[in-house]
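Asker: File name data34.cif; file contents mmCIF, C-alpha atoms; full text below.
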```cif
data_structure
#
loop_
_atom_site.label_atom_id
_atom_site.label_comp_id
_atom_site.auth_asym_id
_atom_site.auth_seq_id
_atom_site.Cartn_x
_atom_site.Cartn_y
_atom_site.Cartn_z
CA MET A 989 31.14 66.54 34.32
CA THR A 990 33.61 68.90 35.96
CA GLY A 991 34.46 72.24 34.35
CA LEU A 992 37.88 73.77 34.89
CA ASP A 993 38.41 77.52 34.55
CA THR A 994 41.79 79.18 34.02
CA GLY A 995 42.11 79.92 37.72
CA PHE A 996 42.01 76.19 38.44
CA PHE A 997 45.21 75.68 36.46
CA VAL A 998 46.89 78.71 38.01
CA GLU A 999 46.16 77.23 41.43
CA LEU A 1000 47.28 73.78 40.25
CA LEU A 1001 50.63 75.24 39.22
CA LYS A 1002 50.89 76.97 42.62
CA GLY A 1003 50.28 73.66 44.39
CA ASN A 1004 46.83 74.41 45.81
CA GLY A 1005 45.84 71.18 47.59
CA GLN A 1006 42.24 71.15 46.38
CA ALA A 1007 43.30 71.73 42.76
CA VAL A 1008 46.04 69.09 42.98
CA GLU A 1009 43.60 66.51 44.40
CA LYS A 1010 40.94 67.24 41.75
CA TRP A 1011 43.57 67.06 38.96
CA LYS A 1012 44.75 63.69 40.30
CA ASN A 1013 41.15 62.42 40.11
CA ILE A 1014 40.94 63.62 36.51
CA VAL A 1015 44.28 62.10 35.47
CA ASP A 1016 43.35 58.81 37.17
CA GLY A 1017 40.10 58.73 35.17
CA GLU A 1018 37.86 59.07 38.23
CA THR A 1019 36.38 62.36 37.01
CA ASP A 1020 35.60 63.63 33.51
CA ALA A 1021 36.67 67.22 32.90
CA VAL A 1022 35.97 69.88 30.32
CA VAL A 1023 38.11 72.94 29.58
CA CYS A 1024 37.31 75.90 27.34
CA SER A 1025 39.80 76.68 24.57
CA LEU A 1026 39.99 80.23 25.92
CA THR A 1027 41.66 78.82 29.04
CA ILE A 1028 44.57 77.75 26.84
CA TYR A 1029 44.78 81.31 25.52
CA GLU A 1030 44.68 82.77 29.04
CA LEU A 1031 47.39 80.40 30.30
CA LYS A 1032 49.62 81.30 27.33
CA ARG A 1033 48.98 84.99 27.98
CA LEU A 1034 49.87 84.66 31.66
CA SER A 1035 53.12 82.91 30.75
CA LEU A 1036 54.03 85.66 28.26
CA LYS A 1037 53.38 88.27 30.96
CA GLY A 1038 55.76 86.41 33.28
CA CYS A 1039 53.06 85.41 35.77
CA LEU A 1040 53.56 81.68 35.10
CA ALA A 1041 56.60 79.76 33.91
CA ILE A 1042 56.47 79.16 30.14
CA ASP A 1043 57.64 75.53 30.45
CA ALA A 1044 55.09 74.76 33.16
CA VAL A 1045 52.28 76.27 31.09
CA GLN A 1046 53.30 74.28 28.00
CA LEU A 1047 53.27 71.03 29.99
CA THR A 1048 49.92 71.97 31.52
CA ILE A 1049 48.40 72.63 28.09
CA GLU A 1050 49.69 69.29 26.81
CA ALA A 1051 48.14 67.59 29.85
CA ILE A 1052 44.83 69.42 29.30
CA MET A 1053 44.74 68.23 25.69
CA ALA A 1054 45.52 64.66 26.80
CA VAL A 1055 43.07 64.18 29.66
CA CYS A 1056 40.29 66.77 29.27
CA GLN A 1057 37.60 67.46 26.74
CA VAL A 1058 38.50 70.81 25.19
CA VAL A 1059 35.55 72.79 23.84
CA TRP A 1060 35.80 75.48 21.18
CA ILE A 1061 33.73 78.52 20.26
CA ASP A 1062 31.99 77.35 17.14
CA ASP A 1063 28.42 78.56 16.98
CA CYS A 1064 26.25 81.64 17.34
CA GLU A 1065 23.98 80.04 19.98
CA LEU A 1066 26.97 79.79 22.29
CA LEU A 1067 27.85 83.44 21.71
CA ASP A 1068 24.25 84.39 22.47
CA ALA A 1069 24.32 82.36 25.70
CA ALA A 1070 27.60 84.00 26.72
CA ALA A 1071 26.23 87.48 26.02
CA ARG A 1072 23.18 86.71 28.19
CA LEU A 1073 25.39 85.38 31.00
CA ALA A 1074 27.60 88.47 30.83
CA HIS A 1075 24.64 90.84 30.83
CA GLY A 1076 22.47 89.10 33.40
CA ASN A 1077 25.24 88.32 35.89
CA ASP A 1078 27.69 91.19 35.31
CA ILE A 1079 30.40 88.73 34.23
CA PRO A 1080 33.27 89.98 32.01
CA ALA A 1081 33.20 88.78 28.38
CA VAL A 1082 35.94 86.13 28.44
CA ASP A 1083 34.65 84.68 31.70
CA ALA A 1084 31.12 84.55 30.29
CA LEU A 1085 32.38 82.78 27.16
CA ILE A 1086 34.23 80.21 29.28
CA LEU A 1087 31.20 79.70 31.52
CA ALA A 1088 28.84 79.32 28.54
CA LEU A 1089 31.12 76.72 26.94
CA LEU A 1090 31.48 74.74 30.17
CA LEU A 1091 27.72 74.74 30.69
CA GLN A 1092 27.06 73.76 27.07
CA ALA A 1093 29.48 70.83 27.51
CA GLY A 1094 27.49 69.61 30.52
CA ALA A 1095 29.60 70.77 33.46
CA HIS A 1096 27.73 70.58 36.77
CA THR A 1097 30.65 71.58 38.99
CA ILE A 1098 33.02 74.35 37.92
CA TYR A 1099 36.34 74.97 39.65
CA SER A 1100 37.53 78.57 39.46
CA THR A 1101 39.14 81.43 41.33
CA ASP A 1102 37.05 84.06 39.59
CA ARG A 1103 34.82 85.98 41.95
CA HIS A 1104 32.60 87.01 39.03
CA LEU A 1105 31.56 83.41 38.51
CA GLN A 1106 30.34 83.28 42.10
CA SER A 1107 27.44 85.52 41.06
CA PHE A 1108 26.19 82.82 38.68
CA LYS A 1109 23.39 80.78 40.19
CA ARG A 1110 21.54 77.95 38.46
CA LYS A 1111 19.89 74.89 39.94
CA GLY A 1112 22.16 71.87 39.61
CA ILE A 1113 25.32 73.92 38.93
CA MET A 1114 27.95 74.48 41.60
CA VAL A 1115 30.85 76.93 41.27
CA VAL A 1116 33.72 76.01 43.59
CA ASN A 1117 36.03 78.88 44.46
CA LEU A 1118 39.52 77.47 45.10
CA LEU A 1119 40.55 80.56 47.06
CA VAL A 1120 37.97 80.18 49.82
#
```
Please rewrite the model in this file as C-alpha coordinates.
Answerer:
Amino acid sequence: MTGLDTGFFVELLKGNGQAVEKWKNIVDGETDAVVCSLTIYELKRLSLKGCLAIDAVQLTIEAIMAVCQVVWIDDCELLDAAARLAHGNDIPAVDALILALLLQAGAHTIYSTDRHLQSFKRKGIMVVNLLV
(Lines of atoms letter the chains of each structure in order from A and count residues from 1; the text may use other names and numbers.)
(Lines give C-alpha, C1' and ligand atoms only; values in the text may rest on other atoms or scores of the structure.)
Protein backbone atom coordinates (compact mmCIF):
# COMPACT_ATOMS: atom_id res chain seq x y z
CA MET A 1 0.00 0.00 0.00
CA THR A 2 1.24 3.48 -0.88
CA GLY A 3 0.63 6.40 1.47
CA LEU A 4 0.28 9.90 0.06
CA ASP A 5 1.02 12.94 2.22
CA THR A 6 -0.19 16.47 1.45
CA GLY A 7 3.12 17.36 -0.17
CA PHE A 8 2.54 14.63 -2.75
CA PHE A 9 -0.57 16.43 -4.00
CA VAL A 10 1.12 19.83 -3.94
CA GLU A 11 3.85 18.38 -6.14
CA LEU A 12 1.27 16.65 -8.34
CA LEU A 13 -0.43 19.99 -8.95
CA LYS A 14 2.97 21.53 -9.77
CA GLY A 15 3.63 18.80 -12.33
CA ASN A 16 6.44 16.99 -10.50
CA GLY A 17 7.28 14.05 -12.79
CA GLN A 18 7.62 11.47 -10.01
CA ALA A 19 4.29 12.50 -8.46
CA VAL A 20 2.54 12.51 -11.85
CA GLU A 21 3.85 9.02 -12.68
CA LYS A 22 2.84 7.60 -9.28
CA TRP A 23 -0.63 9.20 -9.56
CA LYS A 24 -1.05 7.65 -13.03
CA ASN A 25 -0.25 4.23 -11.53
CA ILE A 26 -2.87 4.80 -8.84
CA VAL A 27 -5.56 6.01 -11.26
CA ASP A 28 -4.82 3.06 -13.58
CA GLY A 29 -5.31 0.67 -10.64
CA GLU A 30 -1.70 -0.54 -10.63
CA THR A 31 -1.08 0.75 -7.10
CA ASP A 32 -3.38 0.99 -4.07
CA ALA A 33 -3.13 4.29 -2.22
CA VAL A 34 -4.20 5.61 1.15
CA VAL A 35 -4.66 9.26 2.11
CA CYS A 36 -5.30 10.75 5.54
CA SER A 37 -8.38 12.94 5.92
CA LEU A 38 -6.12 15.68 7.30
CA THR A 39 -4.55 15.94 3.84
CA ILE A 40 -7.92 17.12 2.54
CA TYR A 41 -7.95 19.76 5.27
CA GLU A 42 -4.41 20.87 4.43
CA LEU A 43 -5.16 21.10 0.70
CA LYS A 44 -8.27 23.19 1.41
CA ARG A 45 -6.25 25.42 3.73
CA LEU A 46 -3.54 25.93 1.12
CA SER A 47 -6.15 26.91 -1.46
CA LEU A 48 -7.74 29.42 0.94
CA LYS A 49 -4.30 30.94 1.57
CA GLY A 50 -3.84 31.34 -2.19
CA CYS A 51 -0.97 28.84 -2.43
CA LEU A 52 -2.98 26.49 -4.68
CA ALA A 53 -5.81 27.18 -7.10
CA ILE A 54 -9.21 26.53 -5.48
CA ASP A 55 -10.60 24.75 -8.56
CA ALA A 56 -7.53 22.52 -8.87
CA VAL A 57 -7.73 21.58 -5.19
CA GLN A 58 -11.44 20.74 -5.46
CA LEU A 59 -10.79 18.46 -8.45
CA THR A 60 -7.87 16.86 -6.62
CA ILE A 61 -10.02 16.16 -3.56
CA GLU A 62 -12.72 14.61 -5.74
CA ALA A 63 -10.06 12.42 -7.38
CA ILE A 64 -8.66 11.41 -3.98
CA MET A 65 -12.12 10.36 -2.83
CA ALA A 66 -12.66 8.39 -6.05
CA VAL A 67 -9.40 6.44 -6.31
CA CYS A 68 -7.80 6.35 -2.84
CA GLN A 69 -8.72 4.88 0.49
CA VAL A 70 -9.30 7.85 2.79
CA VAL A 71 -8.66 7.17 6.47
CA TRP A 72 -10.16 9.17 9.33
CA ILE A 73 -9.15 9.88 12.91
CA ASP A 74 -11.55 7.72 14.83
CA ASP A 75 -9.90 6.10 17.81
CA CYS A 76 -7.73 6.80 20.83
CA GLU A 77 -5.12 4.18 19.89
CA LEU A 78 -4.36 6.16 16.75
CA LEU A 79 -4.00 9.37 18.76
CA ASP A 80 -1.64 7.57 21.13
CA ALA A 81 0.45 6.28 18.21
CA ALA A 82 0.59 9.78 16.71
CA ALA A 83 1.68 11.30 20.03
CA ARG A 84 4.46 8.71 20.30
CA LEU A 85 5.60 9.39 16.72
CA ALA A 86 5.62 13.14 17.36
CA HIS A 87 7.54 12.78 20.61
CA GLY A 88 10.01 10.11 19.55
CA ASN A 89 10.83 11.57 16.14
CA ASP A 90 10.33 15.32 16.71
CA ILE A 91 7.54 15.40 14.10
CA PRO A 92 4.94 18.21 14.26
CA ALA A 93 1.45 17.17 15.41
CA VAL A 94 -0.44 17.18 12.09
CA ASP A 95 2.39 15.36 10.32
CA ALA A 96 2.49 12.76 13.11
CA LEU A 97 -1.27 12.25 12.83
CA ILE A 98 -1.01 11.77 9.07
CA LEU A 99 1.92 9.38 9.45
CA ALA A 100 0.14 7.35 12.16
CA LEU A 101 -2.98 7.02 10.00
CA LEU A 102 -0.99 5.97 6.93
CA LEU A 103 0.90 3.37 8.94
CA GLN A 104 -2.28 2.07 10.58
CA ALA A 105 -3.80 1.67 7.09
CA GLY A 106 -0.84 -0.47 6.02
CA ALA A 107 1.26 1.93 3.96
CA HIS A 108 4.76 0.61 3.30
CA THR A 109 5.87 3.44 1.02
CA ILE A 110 4.96 7.04 1.83
CA TYR A 111 5.37 9.87 -0.68
CA SER A 112 5.93 13.26 0.90
CA THR A 113 7.87 16.51 0.73
CA ASP A 114 8.05 16.88 4.50
CA ARG A 115 11.58 16.79 5.83
CA HIS A 116 10.26 15.87 9.28
CA LEU A 117 9.02 12.55 7.96
CA GLN A 118 12.55 11.74 6.80
CA SER A 119 13.51 11.28 10.46
CA PHE A 120 11.05 8.39 10.77
CA LYS A 121 12.76 5.03 10.45
CA ARG A 122 11.04 1.66 10.71
CA LYS A 123 11.95 -1.63 9.08
CA GLY A 124 9.78 -2.23 6.02
CA ILE A 125 8.66 1.41 5.71
CA MET A 126 10.13 3.74 3.11
CA VAL A 127 9.53 7.50 3.02
CA VAL A 128 10.12 8.93 -0.46
CA ASN A 129 10.92 12.63 -0.54
CA LEU A 130 9.66 14.06 -3.84
CA LEU A 131 11.98 17.07 -3.56
CA VAL A 132 15.21 15.11 -3.63
Asker: Kindly indicate which residue among A:Ile1042, A:Ala1051, A:Leu1087, A:Ile1061 lies nearest to Ala1074 in chain A, using all atoms listed in the file for the distances.
Answerer: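 The shortest atom-to-atom distance to Ala1074 in chain A comes from A:Leu1087.
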Asker: Counting only C-alpha atoms, what is within 9 Å of range 996-1010 of chain A, bar same-chain residues fewer than 5 positions away, as a list in words?
Answerer: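 That gives Val1015, Thr1019, Thr1027, Leu1031, Leu1040, Ala1044, Val1045, Thr1048, Tyr1099, Ser1100, Thr1101, Asn1117, Leu1118 and Leu1119 of chain A.
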Asker: Any chance you could resolve the PyMOL selection byres ((chain A and resi 1053) around 12) against this file and give the residues as number ranges by chain?
Answerer: A: 1015, 1021-1025, 1027-1028, 1046-1052, 1054-1059
Asker: Which one of A:Tyr1029, A:Asp1043, A:Leu1073, A:Met989 sits closest to Gly1017 in chain A if you count all atoms listed in the file?
Answerer: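 Counting all atoms listed in the file, the residue closest to Gly1017 in chain A is A:Met989.
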Asker: Between CA of Glu1030 in chain A and CA of Ala1093 in chain A, what is the spacing in Å?
Answerer: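 Result for CA of Ala1093 in chain A versus CA of Glu1030 in chain A: 19.4 Å, one decimal.
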Asker: In terms of the shortest atom-to-atom distance over only C-alpha atoms, which of A:Asn1013, A:Thr1097, A:Cys1039, A:His1104 is closest to Val1116 in chain A?
Answerer: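 That would be A:Thr1097, the residue with the smallest distance to Val1116 in chain A.
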Asker: Would you compute the distance between CA of His1096 in chain A and CA of Lys1111 in chain A? Give it in Å to one decimal.
Answerer: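 Straight-line distance from CA of His1096 in chain A to CA of Lys1111 in chain A works out to 9.5 Å.
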Asker: Can you work out the spacing between CA of Asp993 in chain A and CA of Lys1012 in chain A in Å, to one decimal?
Answerer: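 So the two atoms, CA of Asp993 in chain A and CA of Lys1012 in chain A, lie 16.3 Å apart.
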Asker: Can you give me, as a PyMOL selection string, the residues this file yields under the PyMOL selection byres ((chain A and resi 1065-1068) around 10)?
Answerer: chain A and resi 1060-1064+1069-1074+1084-1085+1088-1089+1091-1092
Asker: Go ahead and save the residues from that selection, with C-alpha atoms, as an mmCIF file, keeping the file's coordinate frame.
Answerer:
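Heads up, here's the output in result_23.cif:
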```
data_model
loop_
_atom_site.group_PDB
_atom_site.id
_atom_site.type_symbol
_atom_site.label_atom_id
_atom_site.label_comp_id
_atom_site.auth_asym_id
_atom_site.auth_seq_id
_atom_site.Cartn_x
_atom_site.Cartn_y
_atom_site.Cartn_z
ATOM 1 C CA TRP A 1060 35.800 75.480 21.180
ATOM 2 C CA ILE A 1061 33.730 78.520 20.260
ATOM 3 C CA ASP A 1062 31.990 77.350 17.140
ATOM 4 C CA ASP A 1063 28.420 78.560 16.980
ATOM 5 C CA CYS A 1064 26.250 81.640 17.340
ATOM 6 C CA ALA A 1069 24.320 82.360 25.700
ATOM 7 C CA ALA A 1070 27.600 84.000 26.720
ATOM 8 C CA ALA A 1071 26.230 87.480 26.020
ATOM 9 C CA ARG A 1072 23.180 86.710 28.190
ATOM 10 C CA LEU A 1073 25.390 85.380 31.000
ATOM 11 C CA ALA A 1074 27.600 88.470 30.830
ATOM 12 C CA ALA A 1084 31.120 84.550 30.290
ATOM 13 C CA LEU A 1085 32.380 82.780 27.160
ATOM 14 C CA ALA A 1088 28.840 79.320 28.540
ATOM 15 C CA LEU A 1089 31.120 76.720 26.940
ATOM 16 C CA LEU A 1091 27.720 74.740 30.690
ATOM 17 C CA GLN A 1092 27.060 73.760 27.070
#
```
Asker: Counting only C-alpha atoms, which residue out of A:Ile1098, A:Leu992, A:Pro1080, A:Asp1016 sits closest to Met1114 in chain A?
Answerer: A:Ile1098
